[in-house]
Structure formats: structure tokens, C-alpha cells
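Structure file run.pdb (PDB, C-alpha atoms and all ligand atoms) is printed below.
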```pdb
ATOM      1  CA  MET O 163       0.000   0.000   0.000
ATOM      2  CA  THR O 164       1.373   3.419  -0.933
ATOM      3  CA  THR O 165       1.247   6.462   1.273
ATOM      4  CA  ALA O 166       0.241   9.591  -0.617
ATOM      5  CA  PRO O 167       1.153  12.901   1.039
ATOM      6  CA  SER O 168      -1.803  14.899   2.314
ATOM      7  CA  ARG O 169      -2.591  18.167   0.551
ATOM      8  CA  ARG O 170      -1.471  20.098   3.625
ATOM      9  CA  ALA O 171       1.764  18.173   3.876
ATOM     10  CA  PHE O 172       2.196  18.591   0.163
ATOM     11  CA  LEU O 173       1.877  22.356   0.368
ATOM     12  CA  ARG O 174       4.273  22.508   3.303
ATOM     13  CA  GLY O 175       6.747  20.171   1.700
ATOM     14  CA  ARG O 176       9.127  20.700  -1.144
ATOM     15  CA  PHE O 177      10.282  18.997  -4.279
ATOM     16  CA  GLN O 178      13.726  17.699  -5.047
ATOM     17  CA  GLU O 179      15.145  16.492  -8.330
ATOM     18  CA  THR O 180      18.234  14.666  -7.204
ATOM     19  CA  ALA O 181      17.055  11.116  -6.507
ATOM     20  CA  PRO O 182      16.982   8.627  -9.413
ATOM     21  CA  LEU O 183      13.529   7.467 -10.496
ATOM     22  CA  ARG O 184      13.627   3.982  -8.981
ATOM     23  CA  PRO O 185      10.835   1.439  -9.575
ATOM     24  CA  PHE O 186       7.582   1.571  -7.649
ATOM     25  CA  GLY O 187       8.119   0.426  -4.076
ATOM     26  CA  ALA O 188      11.702   1.623  -3.790
ATOM     27  CA  ILE O 189      12.847   2.391  -0.264
ATOM     28  CA  ALA O 190      14.780   5.587   0.537
ATOM     29  CA  GLU O 191      17.647   6.100  -1.902
ATOM     30  CA  PHE O 192      20.472   5.777   0.622
ATOM     31  CA  GLN O 193      19.026   2.422   1.747
ATOM     32  CA  PHE O 194      18.078   1.340  -1.738
ATOM     33  CA  SER O 195      21.619   1.550  -3.063
ATOM     34  CA  GLU O 196      22.750  -0.632  -0.132
ATOM     35  CA  ASN O 197      19.988  -3.248  -0.417
ATOM     36  CA  CYS O 198      19.701  -3.578  -4.189
ATOM     37  CA  THR O 199      22.129  -6.094  -5.635
ATOM     38  CA  GLY O 200      21.430  -5.131  -9.242
ATOM     39  CA  CYS O 201      20.137  -8.651  -9.904
ATOM     40  CA  GLY O 202      17.646  -7.426 -12.516
ATOM     41  CA  ASP O 203      14.704  -9.470 -11.200
ATOM     42  CA  CYS O 204      12.461  -6.384 -11.247
ATOM     43  CA  VAL O 205      13.530  -5.591 -14.809
ATOM     44  CA  ARG O 206      12.434  -9.004 -16.001
ATOM     45  CA  ALA O 207       9.211  -8.909 -13.946
ATOM     46  CA  CYS O 208       7.846  -5.608 -15.247
ATOM     47  CA  PRO O 209       5.042  -6.318 -17.750
ATOM     48  CA  GLU O 210       5.359  -2.781 -19.116
ATOM     49  CA  ALA O 211       9.102  -3.186 -19.724
ATOM     50  CA  ILE O 212       9.812   0.243 -18.278
ATOM     51  CA  ILE O 213      12.574  -0.764 -15.857
ATOM     52  CA  VAL O 214      16.142  -0.509 -17.100
ATOM     53  CA  GLN O 215      19.467  -0.875 -15.324
ATOM     54  CA  GLU O 216      21.863   1.997 -14.914
ATOM     55  CA  ARG O 217      25.524   1.507 -15.686
ATOM     56  CA  ALA O 218      26.046   0.392 -12.073
ATOM     57  CA  GLY O 219      23.251  -2.160 -12.470
ATOM     58  CA  LEU O 220      20.682  -0.457 -10.280
ATOM     59  CA  PRO O 221      17.162  -0.189 -11.737
ATOM     60  CA  VAL O 222      15.468   3.024 -12.837
ATOM     61  CA  LEU O 223      12.253   3.700 -14.704
ATOM     62  CA  ASP O 224      12.506   4.605 -18.383
ATOM     63  CA  LEU O 225       9.380   6.669 -18.967
ATOM     64  CA  ASN O 226      10.220   6.879 -22.659
ATOM     65  CA  ALA O 227       9.040   3.269 -22.741
ATOM     66  CA  GLY O 228       5.704   3.951 -21.017
ATOM     67  CA  GLY O 229       4.059   4.600 -17.677
ATOM     68  CA  CYS O 230       3.850   2.581 -14.473
ATOM     69  CA  THR O 231       0.572   0.787 -13.772
ATOM     70  CA  PHE O 232       1.533   0.226 -10.116
ATOM     71  CA  CYS O 233       0.904  -3.477 -10.607
ATOM     72  CA  GLY O 234       3.546  -4.358  -8.009
ATOM     73  CA  GLU O 235       5.150  -7.147 -10.007
ATOM     74  CA  CYS O 236       8.561  -5.566  -9.472
ATOM     75  CA  ILE O 237       7.996  -5.553  -5.709
ATOM     76  CA  THR O 238       6.973  -9.205  -5.730
ATOM     77  CA  ALA O 239      10.079 -10.104  -7.692
ATOM     78  CA  CYS O 240      12.470  -8.275  -5.388
ATOM     79  CA  GLU O 241      13.967 -10.580  -2.766
ATOM     80  CA  THR O 242      16.304  -8.079  -1.129
ATOM     81  CA  GLY O 243      13.789  -5.637   0.359
ATOM     82  CA  ALA O 244      14.962  -2.816  -1.909
ATOM     83  CA  LEU O 245      11.402  -2.705  -3.282
ATOM     84  CA  THR O 246       8.667  -3.052  -0.656
ATOM     85  CA  GLU O 247       4.907  -2.614  -0.475
ATOM     86  CA  GLY O 248       5.157  -0.070   2.316
ATOM     87  CA  ALA O 249       7.257   2.488   0.485
ATOM     88  CA  SER O 250       5.697   5.823  -0.451
ATOM     89  CA  TRP O 251       5.480   6.872  -4.095
ATOM     90  CA  THR O 252       6.046  10.611  -4.012
ATOM     91  CA  TRP O 253       6.673  11.428  -7.669
ATOM     92  CA  LYS O 254       4.599  14.027  -9.506
ATOM     93  CA  ALA O 255       4.636  15.190 -13.118
ATOM     94  CA  ASP O 256       5.422  18.653 -14.434
ATOM     95  CA  ALA O 257       6.436  20.184 -17.763
ATOM     96  CA  THR O 258       9.695  21.947 -18.536
ATOM     97  CA  GLN O 259      10.120  25.121 -20.569
ATOM     98  CA  ALA O 260      10.474  22.946 -23.689
ATOM     99  CA  CYS O 261       6.703  22.364 -23.639
ATOM    100  CA  LEU O 262       5.214  23.274 -27.011
ATOM    101  CA  SER O 263       2.133  24.929 -25.529
ATOM    102  CA  ARG O 264       4.319  27.193 -23.459
ATOM    103  CA  ASN O 265       5.929  28.258 -26.725
ATOM    104  CA  ALA O 266       2.726  29.035 -28.616
ATOM    105  CA  VAL O 267       2.555  25.710 -30.465
ATOM    106  CA  GLN O 268      -0.785  23.947 -30.111
ATOM    107  CA  CYS O 269      -0.407  20.691 -28.139
ATOM    108  CA  ARG O 270      -2.529  18.851 -25.590
ATOM    109  CA  THR O 271      -0.934  15.410 -25.971
ATOM    110  CA  CYS O 272      -0.090  14.931 -22.325
ATOM    111  CA  GLN O 273      -3.616  15.852 -21.298
ATOM    112  CA  ASP O 274      -5.024  13.319 -23.740
ATOM    113  CA  HIS O 275      -2.961  10.552 -22.093
ATOM    114  CA  CYS O 276      -3.748  11.344 -18.475
ATOM    115  CA  ASP O 277      -6.455   9.014 -17.144
ATOM    116  CA  GLU O 278      -6.541  10.965 -13.897
ATOM    117  CA  ARG O 279      -7.420  14.226 -15.668
ATOM    118  CA  ALA O 280      -4.663  15.909 -13.713
ATOM    119  CA  ILE O 281      -3.561  18.270 -16.494
ATOM    120  CA  ARG O 282      -5.259  21.546 -17.366
ATOM    121  CA  PHE O 283      -4.084  24.430 -19.529
ATOM    122  CA  GLN O 284      -4.151  28.095 -18.620
ATOM    123  CA  LEU O 285      -4.444  30.262 -21.718
ATOM    124  CA  LEU O 286      -1.870  33.045 -21.959
ATOM    125  CA  PRO O 287      -1.342  35.996 -24.322
ATOM    126  CA  GLY O 288       0.364  35.325 -27.639
ATOM    127  CA  GLY O 289      -1.241  31.952 -28.243
ATOM    128  CA  ARG O 290       0.647  30.334 -25.397
ATOM    129  CA  ALA O 291      -0.863  27.981 -22.802
ATOM    130  CA  GLU O 292       0.604  26.947 -19.475
ATOM    131  CA  PRO O 293       0.168  23.268 -18.523
ATOM    132  CA  LYS O 294      -1.023  22.940 -14.959
ATOM    133  CA  PHE O 295      -0.521  19.638 -13.168
ATOM    134  CA  ASP O 296      -2.841  19.001 -10.236
ATOM    135  CA  ALA O 297      -0.623  17.385  -7.635
ATOM    136  CA  ASP O 298      -3.644  16.031  -5.775
ATOM    137  CA  LEU O 299      -4.812  14.127  -8.852
ATOM    138  CA  CYS O 300      -1.449  13.187 -10.348
ATOM    139  CA  THR O 301      -0.437   9.671  -9.339
ATOM    140  CA  GLY O 302       3.054  10.002 -10.779
ATOM    141  CA  CYS O 303       2.375   7.175 -13.208
ATOM    142  CA  GLY O 304       4.368   8.850 -15.985
ATOM    143  CA  ALA O 305       1.886   7.891 -18.705
ATOM    144  CA  CYS O 306       2.002  11.458 -20.011
ATOM    145  CA  SER O 307       5.768  11.391 -20.492
ATOM    146  CA  ALA O 308       6.398   9.123 -23.486
ATOM    147  CA  PRO O 309       3.716  10.661 -25.719
ATOM    148  CA  CYS O 310       5.090  14.204 -25.268
ATOM    149  CA  PRO O 311       6.604  15.085 -28.671
ATOM    150  CA  VAL O 312       9.433  17.117 -27.157
ATOM    151  CA  GLY O 313      10.178  15.132 -23.987
ATOM    152  CA  ALA O 314       9.058  17.992 -21.789
ATOM    153  CA  ILE O 315       7.447  15.939 -19.010
ATOM    154  CA  LYS O 316       9.551  15.375 -15.920
ATOM    155  CA  LEU O 317       8.686  13.526 -12.746
ATOM    156  CA  THR O 318       9.886  15.230  -9.609
ATOM    157  CA  GLN O 319      10.014  13.695  -6.163
ATOM    158  CA  PHE O 320       8.056  15.270  -3.376
ATOM    159  CA  ASN O 321      10.110  15.488  -0.218
ATOM    160  CA  PRO O 322       7.727  15.536   2.748
ATOM    161  CA  PRO O 323       8.561  17.951   5.566
ATOM    162  CA  LYS O 324       9.941  16.247   8.656
ATOM    163  CA  GLU O 325       6.817  16.919  10.747
ATOM    164  CA  ALA O 326       4.692  15.102   8.142
ATOM    165  CA  GLN O 327       6.806  11.953   8.309
ATOM    166  CA  SER O 328       6.094   9.143  10.747
ATOM    167  CA  CYS O 329       8.736   8.308  13.338
TER
HETATM  168  S1  LIG G 401       4.711  -1.506 -10.593
HETATM  169 FE1  LIG G 401       4.432  -2.839 -12.414
HETATM  170  S2  LIG G 401       4.479  -1.424 -14.199
HETATM  171 FE2  LIG G 401       5.331  -0.299 -12.425
HETATM  172  S3  LIG G 401       7.573  -0.603 -12.553
HETATM  173 FE3  LIG G 401       6.764  -2.218 -11.180
HETATM  174  S4  LIG G 401       6.384  -4.004 -12.517
HETATM  175 FE4  LIG G 401       6.607  -2.178 -13.865
HETATM  176  S1  LIG G 402       2.609  16.871 -24.459
HETATM  177 FE1  LIG G 402       4.560  17.935 -23.950
HETATM  178  S2  LIG G 402       4.670  19.647 -25.430
HETATM  179 FE2  LIG G 402       2.539  18.917 -25.449
HETATM  180  S3  LIG G 402       1.471  20.234 -23.952
HETATM  181 FE3  LIG G 402       2.141  18.386 -22.827
HETATM  182  S4  LIG G 402       4.166  18.926 -21.956
HETATM  183 FE4  LIG G 402       3.689  20.447 -23.562
HETATM  184  S1  LIG G 403       2.011  11.330 -14.232
HETATM  185 FE1  LIG G 403       0.113  10.158 -14.693
HETATM  186  S2  LIG G 403      -1.463  11.072 -13.364
HETATM  187 FE2  LIG G 403       0.288  12.509 -13.420
HETATM  188  S3  LIG G 403      -0.208  13.995 -15.032
HETATM  189 FE3  LIG G 403       1.030  12.355 -15.990
HETATM  190  S4  LIG G 403      -0.469  10.852 -16.757
HETATM  191 FE4  LIG G 403      -1.552  12.191 -15.320
END
```

Would you write out, as C-alpha cells, the structure that this file holds?
Amino acid sequence: MTTAPSRRAFLRGRFQETAPLRPFGAIAEFQFSENCTGCGDCVRACPEAIIVQERAGLPVLDLNAGGCTFCGECITACETGALTEGASWTWKADATQACLSRNAVQCRTCQDHCDERAIRFQLLPGGRAEPKFDADLCTGCGACSAPCPVGAIKLTQFNPPKEAQSC
């Protein structure tokens, strides 16, 4: 079971971009890199084929290959505890400045691929439109990423404030 941050905690928290995008169920990065042996069991288990191994052998998600369905097959396959059912999934989508709509080119591709209806567009002067990602609705599945024609979708990890974390 995942633990989604509350809206209040979300607003009081902050985002960080440093951690690698590990598979669903990954424990905290400093523990993950100690527990994961780079065996590749999760890579082979993923029915969406979106897990790849970094040069060091540790798994990351390749959202160019598709989105995560949160099926948990990677967790089941992991025998080291590096992927567990109790780990929070705190990734949320956003668009970089490369977004076509931000640059006055008509595009709603990401919105068309979001089952959660988490993406809206705010019309701006000059034919531009700002994509707005609703962090309460976004599950961080990454399904919007691969279809983006310019690779403008990035998942960013929400870092809960200390008071919102359990002891
Ligand atoms: S939860 Fe399922 S779709 Fe997502 S990375 Fe794991 S095996 Fe792949
Ligand atoms: S699919 Fe990519 S380019 Fe198109 S609106 Fe979404 S983020 Fe922008
Ligand atoms: S990551 Fe998933 S839920 Fe979030 S905006 Fe993209 S498609 Fe929608």
C-alpha cells in the first residue's frame, strides 16, 4: 500500500530532483543503493518493460518506454527488500520550458494521455498555454511522459517535511 502525502503536507513540503527514479516500491535512496544487488529481477518482472538498469546495475524507470501501472510485479520479484509494499510513491509530473504549448505551439498530448485528468491548460497571451498539473490528482504514473513530442514531461520527487513523516 502506498502512502500519498496529504494536501497540507504537500503544500508545506518541497520537491527535489536529485534522486533517481527507482521502480515503484523503492525504499529511501540511501538504503536502496545498499539493499539492491542489481540482480535485474524487477527488470524481467515488469510487464510494461519500463525498468532498465543503470551503468552500475541499479534499476530506474525509463518513462520513454511507457508509464507505471503500479501493478507491483517488481515488488513481488524483489527478494532483497529494496522494493517493498510499504514504500511511499512521491513522484509528480510537471512540464519543462520545452513544452510546445508554453511556446505558442498547439499541443494537448499529455492531457489526452492522463487518465486521472490531472492536467489543465491556462491560456496566456500570444497563443501560449501553461500546462497545470494538479498534484492532488497526479499519481506520478508517468503515462504522459512518453507521448510528449518534445520530452518535456519530468517527474519530480516530493520530499515531505519532517513533521509530516512518521517516526
Ligand atoms: S509496478 Fe508494475 S508497471 Fe510499475 S515498474 Fe513495477 S512491474 Fe513495472
Ligand atoms: S505533451 Fe509535452 S509539449 Fe505537449 S502540452 Fe504536454 S508537456 Fe507540452
Ligand atoms: S504522471 Fe500520470 S497522473 Fe500525473 S499527469 Fe502524468 S499521466 Fe496524469

Using all atoms of range 299-310 of chain O listed in the file and a margin of 6 Å per side, can you give the axis-aligned box centre and edge lengths in Å to one decimal, as lines of an AutoDock Vina configuration file?
```
center_x = 0.8
center_y = 10.7
center_z = -17.3
size_x = 23.2
size_y = 19.0
size_z = 28.9
```

Using all atoms listed in the file, which residues have at least one atom no more than 6 Å from ligand LIG 402 (chain G)? Output them as a PDB file with C-alpha atoms, keeping the file's coordinate frame.
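That gives us result.pdb:
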```
ATOM      1  CA  ALA O 257       6.436  20.184 -17.763  1.00  0.00           C
ATOM      2  CA  CYS O 261       6.703  22.364 -23.639  1.00  0.00           C
ATOM      3  CA  LEU O 262       5.214  23.274 -27.011  1.00  0.00           C
ATOM      4  CA  SER O 263       2.133  24.929 -25.529  1.00  0.00           C
ATOM      5  CA  CYS O 269      -0.407  20.691 -28.139  1.00  0.00           C
ATOM      6  CA  ARG O 270      -2.529  18.851 -25.590  1.00  0.00           C
ATOM      7  CA  THR O 271      -0.934  15.410 -25.971  1.00  0.00           C
ATOM      8  CA  CYS O 272      -0.090  14.931 -22.325  1.00  0.00           C
ATOM      9  CA  CYS O 310       5.090  14.204 -25.268  1.00  0.00           C
ATOM     10  CA  PRO O 311       6.604  15.085 -28.671  1.00  0.00           C
ATOM     11  CA  VAL O 312       9.433  17.117 -27.157  1.00  0.00           C
ATOM     12  CA  ALA O 314       9.058  17.992 -21.789  1.00  0.00           C
ATOM     13  CA  ILE O 315       7.447  15.939 -19.010  1.00  0.00           C
TER      14      ILE O 315
END
```

Inset, instruction - Pull out every residue that the PyMOL selection byres (((chain O and resi 190) around 10) and not hetatm) matches in the shown coordinates and put them as a PyMOL selection string. - result: chain O and resi 181+184+187-189+191-195+244-245+249-250

Inset, instruction - Would you mind telling me which residue in O:Ile212, O:Cys300, O:Val267, O:Cys306 lies nearest to Gly288 in chain O when using only C-alpha atoms? - result: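 Looking only at the distances to Gly288 in chain O, the closest residue turns out to be O:Val267.
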
Legend entry - Protein and nucleic residues near ligand LIG 401 (chain G), 9 Å, only C-alpha atoms and all ligand atoms, as a ChimeraX atom specification: /O:184-187,204-213,222-223,228-239,303

Spell out the residues picked by the PyMOL selection byres (((chain O and resi 198) around 8) and not hetatm) here, as an mmCIF file with C-alpha atoms, keeping the file's coordinate frame.
```cif
data_model
loop_
_atom_site.group_PDB
_atom_site.id
_atom_site.type_symbol
_atom_site.label_atom_id
_atom_site.label_comp_id
_atom_site.auth_asym_id
_atom_site.auth_seq_id
_atom_site.Cartn_x
_atom_site.Cartn_y
_atom_site.Cartn_z
ATOM 1 C CA PHE O 194 18.078 1.340 -1.738
ATOM 2 C CA SER O 195 21.619 1.550 -3.063
ATOM 3 C CA GLU O 196 22.750 -0.632 -0.132
ATOM 4 C CA ASN O 197 19.988 -3.248 -0.417
ATOM 5 C CA THR O 199 22.129 -6.094 -5.635
ATOM 6 C CA GLY O 200 21.430 -5.131 -9.242
ATOM 7 C CA CYS O 201 20.137 -8.651 -9.904
ATOM 8 C CA LEU O 220 20.682 -0.457 -10.280
ATOM 9 C CA THR O 242 16.304 -8.079 -1.129
ATOM 10 C CA GLY O 243 13.789 -5.637 0.359
ATOM 11 C CA ALA O 244 14.962 -2.816 -1.909
#
```

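Near ligand LIG 403 (chain G), at distances of 7 Å or less and with only C-alpha atoms and all ligand atoms counted, sit the residues Lys254, Ala255, Cys272, His275, Cys276, Asp277, Glu278, Arg279, Ala280, Ile281, Phe295, Leu299, Cys300, Thr301, Gly302, Cys303, Gly304, Ala305, Cys306 and Ser307 of chain O.
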
Legend entry - Distance criterion (only C-alpha atoms): nearest to Ala297 in chain O out of O:Leu225, O:Leu285, O:Leu317, O:Ala218: O:Leu317

Legend entry - Between CA of Pro182 in chain O and CA of Pro309 in chain O - distance in Å to one decimal: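 Separating CA of Pro309 in chain O from CA of Pro182 in chain O is a distance of 21.1 Å.
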
Legend entry - Pick from O:Arg264, O:Phe320, O:Asp224, O:Asp203, whichever lies nearest to Asp298 in chain O using all atoms listed in the file: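 Going through O:Arg264, O:Phe320, O:Asp224, O:Asp203 one by one, the smallest distance to Asp298 in chain O is for O:Phe320.
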
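Relative to CA of Gly219 in chain O, CA of Gly202 in chain O is found at 7.7 Å.
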
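Put simply, CA of Glu241 in chain O is 21.1 Å away from CA of Arg217 in chain O.
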